[in-house]
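Asker: Quick one: structure below, then a few questions.
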There are 2 protein chains.
Amino acid sequence: MPNQTTFAADLQRKIDMKTKPAGALGRIEELAAQIATVQGTLMPKMQSCQLTIFAADHGIADAGVSAFPQEVTRQMVLNFLGQGAAANVFAASVRADLRVVDAGVTGSPFNEPAMLDRRIGSGTLNFLNCPAMTSTQVEDALQKGKDLGRDGAWDAVAFGEMGIANTSSATMLAHKITGVGLDVLTGRGTGLDDARLAAKETILRRAAQRTGQLEAKEALREYGGFEIAMMAGAMQGAAAAGRIVIVDGFIATAAALVATKLEPNSRQAMVFAHKSQEQGHISILNALDASPLLDLDLRLGEGTGALLAWPLLQAAATMLTDMASFEDAGISGPA
Amino acid sequence: MPNQTTFAADLQRKIDMKTKPAGALGRIEELAAQIATVQGTLMPKMQSCQLTIFAADHGIADAGVSAFPQEVTRQMVLNFLGQGAAANVFAASVRADLRVVDAGVTGSPFNEPAMLDRRIGSGTLNFLNCPAMTSTQVEDALQKGKDLGRDGAWDAVAFGEMGIANTSSATMLAHKITGVGLDVLTGRGTGLDDARLAAKETILRRAAQRTGQLEAKEALREYGGFEIAMMAGAMQGAAAAGRIVIVDGFIATAAALVATKLEPNSRQAMVFAHKSQEQGHISILNALDASPLLDLDLRLGEGTGALLAWPLLQAAATMLTDMASFEDAGISGPA
């Protein structure tokens, strides 16, 4: 990596000399600068993207915090493997690779060759009554995630999740780490009505009483999920390997919050794909000083929003590498 | 086209039965519904996109309303032909085709085989003093545009423009057609500072005094540009041919306003790509009851914002055609 001050100045000059009014590509210019900085080159490459979906179950589902039954986690994993989910069709549409990791779905292992087995357990415990997992499980999930995030040859990686009740886990992580209130953070998840939303908040308030404000690893142990912990590790591993990390919605942003607390350098590699319709998302984005690229009222997870942002990253990189300068093209500057 | 009420109900049912919580894909679901409706099928196809860039010059440039000299229109056309502009690199990045049409650039014809010659004249007259063009030129530009929009086999078409001073023309069209004030509509274009922005508004106020509120064709004759008129025609032609029309930024939205006034049925085929940083854009979007998909602080034109929205349309269509239903995938519904 060259001298950082010189590099930043050279980068800005290169962007400003492209054949467009200065700043006229707005967020795309910022994105180009971020990509070039992460890769440490004025000729960044943004040609390949992989989405990893982490799946796991949550003991808190027993408390009735989700609109869907827990069995849907396993059913949706099989849907991913059958290429039928939104994440599959979006990945195909934007030409990203996709893999699915079992981080701890309730029941027996899948024994599906198309799936990576990184099981930490058969679902977490119900955090209403006790810590969701052990410290050993936290460390195991983070390390398996780091390994998965570090390996491979993709220019950008995105992370998605599947886990019935995992908005509850993400809400608790954000609450305990940032101190933002549960009234602000608790949302409808897969589609709770007003009465069930109020019940969810009551349940989370009870669960919150077990502990005070927490550091990131303690928060994972008390209220986390296997897929969220593994995703947080994967974000750290990918960022350390110089890959751009495309952060999806509410749950992925909670994982990004954890990753950033554990390894602050991870933050610079993160691109925040979209603002979710899940009401607490904006608070977690604010805690990360993050401005999402898209605002499409998505609230699905699976990495779907991250996939839709991927073409913007490709366009940003090609702006730097392929677009002519005023000098190249013989174009007059401002009068 | 099947019975419209039945079709709309079948379409909504198909979207709701996809393996996701109802509404969880937000704007993508709306987009899928619009695409299916325009194509009149539950299995829409969204595989090919063509950007047409219309270039022309504007007499009002003589009044000093732009930060860049008029010669830049011609220089940028050559940059498009040389694959060096932002529109070129974005088109390549999102796999859209691109063509350039000379609608009336000042000077002699280009005689470039890669370019379509549809010249209406050698730039418009300066609308500060007289109508920008004749009624015959308006009709000629609209008809040439309709023919260009109608022909071809693309699923979606986007339209971009290049023409120094054309934010002034678009501002006047929007002002005269909608009645929104010039203080609201006049913006910095390619980058005017505060003093030159104030001067631009003063010039446009003087030009506005020549006429009262105007119908769309009169507004084109008085204040339009060849590229804007041709684009308005192309939008009508493409919409009539059942193609999705991806509307770019400030100038393209002014053309969409004209197209919609001339042929209200054009509106249903239009997808509004992005909210431009040009300050008057939101007012024209509001006049069209349009919610743009992206908000990336772009203000370049050339169709660049439309190109960045194209992958969202592809993803939306594949949601309908390729994603599994709850029944297909054997997934439990809400508890």
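Chains: A, B, ... in order of the structure tokens. Residues: from 1 per chain. Ligands: from 1, in order shown.
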Go ahead and align chain B to chain A (same sequence, so just pair every C-alpha in order, least squares) and export the moved chain as a short mmCIF file (atom, residue, chain, number, x, y, z; two decimals) with C-alpha atoms, in the first residue's frame.

Answerer:
data_model
loop_
_atom_site.label_atom_id
_atom_site.label_comp_id
_atom_site.auth_asym_id
_atom_site.auth_seq_id
_atom_site.Cartn_x
_atom_site.Cartn_y
_atom_site.Cartn_z
CA MET B 1 0.05 0.00 0.01
CA PRO B 2 1.53 3.37 -1.02
CA ASN B 3 1.77 6.39 1.26
CA GLN B 4 -1.79 6.97 2.39
CA THR B 5 -1.98 10.74 2.02
CA THR B 6 -0.53 10.61 -1.50
CA PHE B 7 -2.80 7.71 -2.37
CA ALA B 8 -5.93 9.52 -1.22
CA ALA B 9 -4.96 12.65 -3.18
CA ASP B 10 -4.11 10.64 -6.32
CA LEU B 11 -7.39 8.80 -6.03
CA GLN B 12 -9.47 11.95 -5.70
CA ARG B 13 -7.63 13.55 -8.62
CA LYS B 14 -8.26 10.50 -10.78
CA ILE B 15 -11.99 10.59 -9.95
CA ASP B 16 -12.22 14.34 -10.62
CA MET B 17 -10.48 14.07 -14.00
CA LYS B 18 -13.04 11.61 -15.35
CA THR B 19 -15.27 13.03 -18.12
CA LYS B 20 -18.10 14.31 -15.94
CA PRO B 21 -18.65 17.39 -13.79
CA ALA B 22 -16.85 17.02 -10.45
CA GLY B 23 -18.98 15.03 -8.03
CA ALA B 24 -21.71 14.35 -10.62
CA LEU B 25 -21.73 10.63 -9.87
CA GLY B 26 -22.42 11.22 -6.18
CA ARG B 27 -22.49 8.05 -4.11
CA ILE B 28 -20.90 6.06 -6.95
CA GLU B 29 -17.79 8.22 -6.65
CA GLU B 30 -17.66 7.61 -2.89
CA LEU B 31 -18.07 3.91 -3.50
CA ALA B 32 -15.28 3.91 -6.09
CA ALA B 33 -13.00 5.66 -3.60
CA GLN B 34 -13.82 3.16 -0.87
CA ILE B 35 -13.23 0.17 -3.14
CA ALA B 36 -9.91 1.57 -4.38
CA THR B 37 -8.82 2.30 -0.82
CA VAL B 38 -9.69 -1.17 0.46
CA GLN B 39 -7.84 -2.76 -2.46
CA GLY B 40 -4.99 -0.24 -2.22
CA THR B 41 -4.96 0.47 -5.95
CA LEU B 42 -6.23 3.10 -8.40
CA MET B 43 -7.26 0.23 -10.69
CA PRO B 44 -9.61 -1.77 -8.47
CA LYS B 45 -11.21 -5.00 -9.58
CA MET B 46 -14.83 -5.70 -8.77
CA GLN B 47 -15.76 -8.68 -10.91
CA SER B 48 -16.81 -11.44 -8.58
CA CYS B 49 -19.16 -11.60 -5.64
CA GLN B 50 -20.17 -14.43 -3.37
CA LEU B 51 -23.15 -14.52 -1.04
CA THR B 52 -22.86 -16.82 1.96
CA ILE B 53 -26.11 -17.54 3.77
CA PHE B 54 -25.71 -18.66 7.38
CA ALA B 55 -28.64 -20.62 8.81
CA ALA B 56 -29.36 -21.41 12.45
CA ASP B 57 -32.20 -21.71 14.91
CA HIS B 58 -33.04 -19.72 18.00
CA GLY B 59 -34.40 -20.93 21.34
CA ILE B 60 -36.32 -17.68 21.71
CA ALA B 61 -38.62 -18.86 18.90
CA ASP B 62 -40.36 -20.92 21.63
CA ALA B 63 -41.59 -17.66 23.14
CA GLY B 64 -43.68 -16.92 20.05
CA VAL B 65 -41.71 -13.89 18.81
CA SER B 66 -42.00 -14.77 15.09
CA ALA B 67 -44.92 -14.88 12.69
CA PHE B 68 -43.53 -18.14 11.24
CA PRO B 69 -42.91 -21.49 12.98
CA GLN B 70 -39.33 -22.64 13.65
CA GLU B 71 -39.52 -25.47 11.11
CA VAL B 72 -39.38 -22.80 8.39
CA THR B 73 -35.64 -22.33 8.97
CA ARG B 74 -34.94 -25.88 7.80
CA GLN B 75 -37.53 -25.67 5.01
CA MET B 76 -35.97 -22.48 3.70
CA VAL B 77 -32.48 -24.02 3.76
CA LEU B 78 -33.82 -26.74 1.49
CA ASN B 79 -35.40 -24.02 -0.65
CA PHE B 80 -31.96 -22.37 -1.00
CA LEU B 81 -30.47 -25.71 -2.03
CA GLY B 82 -33.31 -26.12 -4.54
CA GLN B 83 -32.60 -22.66 -6.04
CA GLY B 84 -36.11 -21.47 -5.20
CA ALA B 85 -35.59 -18.61 -2.76
CA ALA B 86 -35.36 -14.91 -3.49
CA ALA B 87 -31.64 -15.02 -2.71
CA ASN B 88 -31.15 -17.68 -5.38
CA VAL B 89 -32.98 -15.84 -8.12
CA PHE B 90 -31.39 -12.50 -7.26
CA ALA B 91 -27.92 -14.10 -7.14
CA ALA B 92 -28.48 -15.56 -10.58
CA SER B 93 -29.84 -12.26 -11.83
CA VAL B 94 -26.82 -10.23 -10.69
CA ARG B 95 -24.34 -13.04 -11.39
CA ALA B 96 -23.16 -13.64 -7.84
CA ASP B 97 -22.19 -17.01 -6.42
CA LEU B 98 -24.15 -18.40 -3.48
CA ARG B 99 -23.38 -20.93 -0.78
CA VAL B 100 -25.29 -22.01 2.30
CA VAL B 101 -23.74 -22.74 5.68
CA ASP B 102 -25.47 -24.68 8.45
CA ALA B 103 -24.38 -22.78 11.55
CA GLY B 104 -26.78 -24.68 13.79
CA VAL B 105 -30.24 -25.46 12.52
CA THR B 106 -32.42 -27.42 14.99
CA GLY B 107 -32.47 -31.16 14.36
CA SER B 108 -29.96 -33.37 12.64
CA PRO B 109 -27.28 -32.27 10.14
CA PHE B 110 -28.47 -31.93 6.57
CA ASN B 111 -25.92 -34.24 4.94
CA GLU B 112 -26.37 -32.30 1.73
CA PRO B 113 -23.15 -32.08 -0.31
CA ALA B 114 -24.18 -28.62 -1.62
CA MET B 115 -24.15 -27.26 1.93
CA LEU B 116 -21.30 -26.43 4.29
CA ASP B 117 -21.61 -27.98 7.73
CA ARG B 118 -20.26 -25.60 10.38
CA ARG B 119 -22.78 -26.52 13.06
CA ILE B 120 -22.18 -25.05 16.49
CA GLY B 121 -25.19 -26.80 18.01
CA SER B 122 -28.82 -27.69 17.37
CA GLY B 123 -30.19 -24.17 17.79
CA THR B 124 -29.43 -21.80 20.66
CA LEU B 125 -31.05 -21.92 24.07
CA ASN B 126 -33.99 -19.64 24.86
CA PHE B 127 -32.38 -16.37 25.98
CA LEU B 128 -35.48 -15.46 27.94
CA ASN B 129 -34.21 -17.73 30.71
CA CYS B 130 -30.47 -18.22 30.25
CA PRO B 131 -27.57 -17.33 27.94
CA ALA B 132 -28.25 -18.35 24.34
CA MET B 133 -24.89 -20.08 24.05
CA THR B 134 -21.64 -20.80 25.86
CA SER B 135 -18.45 -18.77 25.55
CA THR B 136 -16.87 -21.72 23.76
CA GLN B 137 -19.69 -21.68 21.21
CA VAL B 138 -19.20 -17.93 20.69
CA GLU B 139 -15.49 -18.41 20.02
CA ASP B 140 -16.13 -21.41 17.80
CA ALA B 141 -18.71 -19.55 15.71
CA LEU B 142 -16.50 -16.47 15.34
CA GLN B 143 -13.49 -18.57 14.31
CA LYS B 144 -15.41 -20.69 11.81
CA GLY B 145 -16.80 -17.44 10.38
CA LYS B 146 -13.34 -15.85 10.13
CA ASP B 147 -12.05 -18.86 8.22
CA LEU B 148 -15.00 -18.77 5.82
CA GLY B 149 -14.66 -15.01 5.27
CA ARG B 150 -10.92 -15.13 4.72
CA ASP B 151 -10.78 -17.95 2.17
CA GLY B 152 -11.71 -17.63 -1.49
CA ALA B 153 -10.95 -15.31 -4.38
CA TRP B 154 -14.00 -13.08 -4.58
CA ASP B 155 -13.62 -9.30 -4.88
CA ALA B 156 -16.68 -8.72 -2.76
CA VAL B 157 -18.57 -10.89 -0.34
CA ALA B 158 -22.09 -10.56 0.98
CA PHE B 159 -23.60 -12.35 3.92
CA GLY B 160 -27.18 -13.37 4.41
CA GLU B 161 -29.01 -15.29 7.10
CA MET B 162 -31.94 -17.57 7.70
CA GLY B 163 -33.18 -18.24 11.21
CA ILE B 164 -36.71 -17.96 12.50
CA ALA B 165 -36.77 -15.46 15.41
CA ASN B 166 -33.40 -13.93 14.53
CA THR B 167 -34.72 -10.35 14.45
CA SER B 168 -35.25 -10.88 18.22
CA SER B 169 -31.62 -11.89 18.64
CA ALA B 170 -30.36 -9.00 16.49
CA THR B 171 -32.58 -6.57 18.39
CA MET B 172 -31.14 -7.69 21.72
CA LEU B 173 -27.56 -7.45 20.43
CA ALA B 174 -28.15 -3.91 19.19
CA HIS B 175 -29.91 -2.95 22.43
CA LYS B 176 -27.21 -4.30 24.71
CA ILE B 177 -24.27 -2.98 22.65
CA THR B 178 -25.60 0.48 21.71
CA GLY B 179 -28.04 1.20 24.54
CA VAL B 180 -30.79 2.20 22.09
CA GLY B 181 -34.19 1.34 23.56
CA LEU B 182 -36.19 -1.78 22.75
CA ASP B 183 -39.17 0.41 21.85
CA VAL B 184 -37.08 1.86 19.03
CA LEU B 185 -35.36 -1.35 17.97
CA THR B 186 -38.14 -3.95 18.10
CA GLY B 187 -39.84 -4.48 14.75
CA ARG B 188 -42.31 -6.71 12.95
CA GLY B 189 -39.75 -9.19 11.60
CA THR B 190 -41.47 -11.45 9.07
CA GLY B 191 -44.76 -9.64 9.62
CA LEU B 192 -46.13 -9.44 13.17
CA ASP B 193 -49.36 -7.51 13.63
CA ASP B 194 -49.62 -4.76 16.27
CA ALA B 195 -50.64 -7.10 19.09
CA ARG B 196 -47.86 -9.59 18.42
CA LEU B 197 -45.33 -6.78 17.99
CA ALA B 198 -46.27 -5.50 21.46
CA ALA B 199 -45.96 -9.03 22.84
CA LYS B 200 -42.52 -9.40 21.23
CA GLU B 201 -41.34 -6.19 22.86
CA THR B 202 -42.63 -7.35 26.25
CA ILE B 203 -40.75 -10.65 25.88
CA LEU B 204 -37.55 -8.88 24.87
CA ARG B 205 -37.88 -6.49 27.82
CA ARG B 206 -38.09 -9.46 30.16
CA ALA B 207 -35.07 -11.06 28.53
CA ALA B 208 -33.15 -7.79 28.77
CA GLN B 209 -33.61 -7.67 32.56
CA ARG B 210 -31.25 -10.63 33.01
CA THR B 211 -28.22 -8.43 32.19
CA GLY B 212 -26.90 -4.87 31.98
CA GLN B 213 -25.22 -3.23 28.99
CA LEU B 214 -22.79 -5.71 27.41
CA GLU B 215 -19.63 -5.91 25.38
CA ALA B 216 -19.97 -7.55 21.96
CA LYS B 217 -18.85 -11.07 22.89
CA GLU B 218 -20.91 -11.08 26.07
CA ALA B 219 -23.90 -9.90 24.08
CA LEU B 220 -23.39 -12.76 21.61
CA ARG B 221 -23.23 -15.28 24.43
CA GLU B 222 -26.31 -13.93 26.18
CA TYR B 223 -28.59 -13.14 23.23
CA GLY B 224 -26.81 -14.03 19.98
CA GLY B 225 -27.43 -16.64 17.34
CA PHE B 226 -24.98 -19.07 15.79
CA GLU B 227 -25.56 -17.58 12.34
CA ILE B 228 -25.11 -14.01 13.60
CA ALA B 229 -21.90 -14.82 15.46
CA MET B 230 -20.52 -16.71 12.45
CA MET B 231 -21.46 -13.85 10.14
CA ALA B 232 -19.70 -11.37 12.44
CA GLY B 233 -16.59 -13.54 12.24
CA ALA B 234 -16.90 -13.85 8.46
CA MET B 235 -17.09 -10.07 8.12
CA GLN B 236 -13.88 -9.72 10.11
CA GLY B 237 -12.16 -12.43 8.08
CA ALA B 238 -13.21 -10.99 4.74
CA ALA B 239 -12.27 -7.43 5.71
CA ALA B 240 -8.85 -8.59 6.93
CA ALA B 241 -8.35 -10.33 3.56
CA GLY B 242 -8.98 -7.05 1.70
CA ARG B 243 -12.39 -7.97 0.40
CA ILE B 244 -15.32 -5.59 0.24
CA VAL B 245 -18.07 -6.71 2.63
CA ILE B 246 -21.60 -5.94 1.43
CA VAL B 247 -23.80 -5.68 4.50
CA ASP B 248 -27.44 -6.66 4.03
CA GLY B 249 -30.31 -5.63 6.30
CA PHE B 250 -31.27 -5.64 9.97
CA ILE B 251 -29.64 -8.86 11.13
CA ALA B 252 -26.53 -8.49 8.98
CA THR B 253 -26.10 -4.94 10.27
CA ALA B 254 -26.30 -6.23 13.85
CA ALA B 255 -23.55 -8.70 12.90
CA ALA B 256 -21.58 -5.81 11.38
CA LEU B 257 -21.96 -3.93 14.66
CA VAL B 258 -20.52 -6.90 16.54
CA ALA B 259 -17.71 -7.31 13.99
CA THR B 260 -16.81 -3.63 14.23
CA LYS B 261 -16.73 -3.74 18.03
CA LEU B 262 -14.45 -6.79 17.94
CA GLU B 263 -12.25 -5.48 15.11
CA PRO B 264 -12.70 -1.76 14.34
CA ASN B 265 -10.64 -2.07 11.13
CA SER B 266 -13.43 -4.19 9.66
CA ARG B 267 -15.59 -1.10 9.26
CA GLN B 268 -13.67 0.37 6.30
CA ALA B 269 -14.37 -2.67 4.14
CA MET B 270 -18.12 -2.49 4.72
CA VAL B 271 -20.61 -1.21 2.18
CA PHE B 272 -24.12 -0.93 3.56
CA ALA B 273 -26.49 -2.18 0.90
CA HIS B 274 -29.89 -0.94 1.91
CA LYS B 275 -32.18 0.50 4.54
CA SER B 276 -34.55 -2.20 5.66
CA GLN B 277 -38.22 -1.70 6.41
CA GLU B 278 -37.53 -3.31 9.82
CA GLN B 279 -37.95 -0.31 12.08
CA GLY B 280 -34.82 -0.70 14.19
CA HIS B 281 -32.43 -0.90 11.25
CA ILE B 282 -31.80 2.81 10.97
CA SER B 283 -30.64 2.97 14.60
CA ILE B 284 -28.01 0.28 14.04
CA LEU B 285 -26.91 1.98 10.81
CA ASN B 286 -26.55 5.24 12.73
CA ALA B 287 -24.46 3.51 15.40
CA LEU B 288 -22.13 2.44 12.59
CA ASP B 289 -22.21 5.87 10.93
CA ALA B 290 -23.44 4.10 7.81
CA SER B 291 -25.47 5.47 4.89
CA PRO B 292 -27.09 2.63 2.99
CA LEU B 293 -27.05 2.70 -0.81
CA LEU B 294 -30.61 1.53 -1.45
CA ASP B 295 -33.99 2.15 0.14
CA LEU B 296 -36.42 -0.30 -1.42
CA ASP B 297 -38.61 -1.22 1.59
CA LEU B 298 -37.06 -4.66 1.73
CA ARG B 299 -37.39 -6.78 4.89
CA LEU B 300 -36.52 -10.29 3.78
CA GLY B 301 -32.91 -10.92 4.76
CA GLU B 302 -31.15 -13.87 3.06
CA GLY B 303 -28.71 -11.28 1.64
CA THR B 304 -31.27 -10.15 -0.93
CA GLY B 305 -30.59 -6.43 -0.42
CA ALA B 306 -26.84 -7.00 -0.58
CA LEU B 307 -27.25 -8.75 -3.93
CA LEU B 308 -29.23 -5.83 -5.33
CA ALA B 309 -26.42 -3.45 -4.36
CA TRP B 310 -23.69 -5.54 -6.00
CA PRO B 311 -24.15 -4.05 -9.52
CA LEU B 312 -23.55 -0.59 -8.04
CA LEU B 313 -20.15 -1.71 -6.77
CA GLN B 314 -19.23 -3.11 -10.16
CA ALA B 315 -20.24 0.12 -11.88
CA ALA B 316 -18.26 2.16 -9.36
CA ALA B 317 -15.08 0.19 -9.97
CA THR B 318 -15.38 0.40 -13.75
CA MET B 319 -15.81 4.16 -13.43
CA LEU B 320 -12.25 4.25 -12.11
CA THR B 321 -10.75 1.69 -14.46
CA ASP B 322 -12.56 2.17 -17.77
CA MET B 323 -13.85 5.75 -17.98
CA ALA B 324 -11.87 8.34 -19.98
CA SER B 325 -10.32 11.44 -18.44
CA PHE B 326 -10.88 14.92 -19.84
CA GLU B 327 -7.35 14.71 -21.23
CA ASP B 328 -7.83 11.26 -22.80
CA ALA B 329 -11.00 12.39 -24.55
CA GLY B 330 -9.92 15.94 -25.45
CA ILE B 331 -12.85 17.53 -23.64
CA SER B 332 -12.98 21.15 -22.52
CA GLY B 333 -13.27 21.90 -18.82
CA PRO B 334 -15.68 24.35 -17.19
CA ALA B 335 -15.87 27.76 -18.93
#

Asker: Can you list, as a list in words, every residue of stretch 182-292 of chain B that DSSP puts in strand (DSSP E)?

Answerer: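 DSSP on the backbone gives strand (DSSP E) at Ile244, Val245, Ile246, Val247, Met270, Val271 and Phe272 of chain B.
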
Asker: When DSSP works through the backbone of this structure, what residues of stretch 118-325 of chain A end up as alpha helix (DSSP H), shown as a PyMOL selection string?

Answerer: chain A and resi 135-150+166-178+182-185+194-208+216-223+226-240+250-262+281-287+304-322
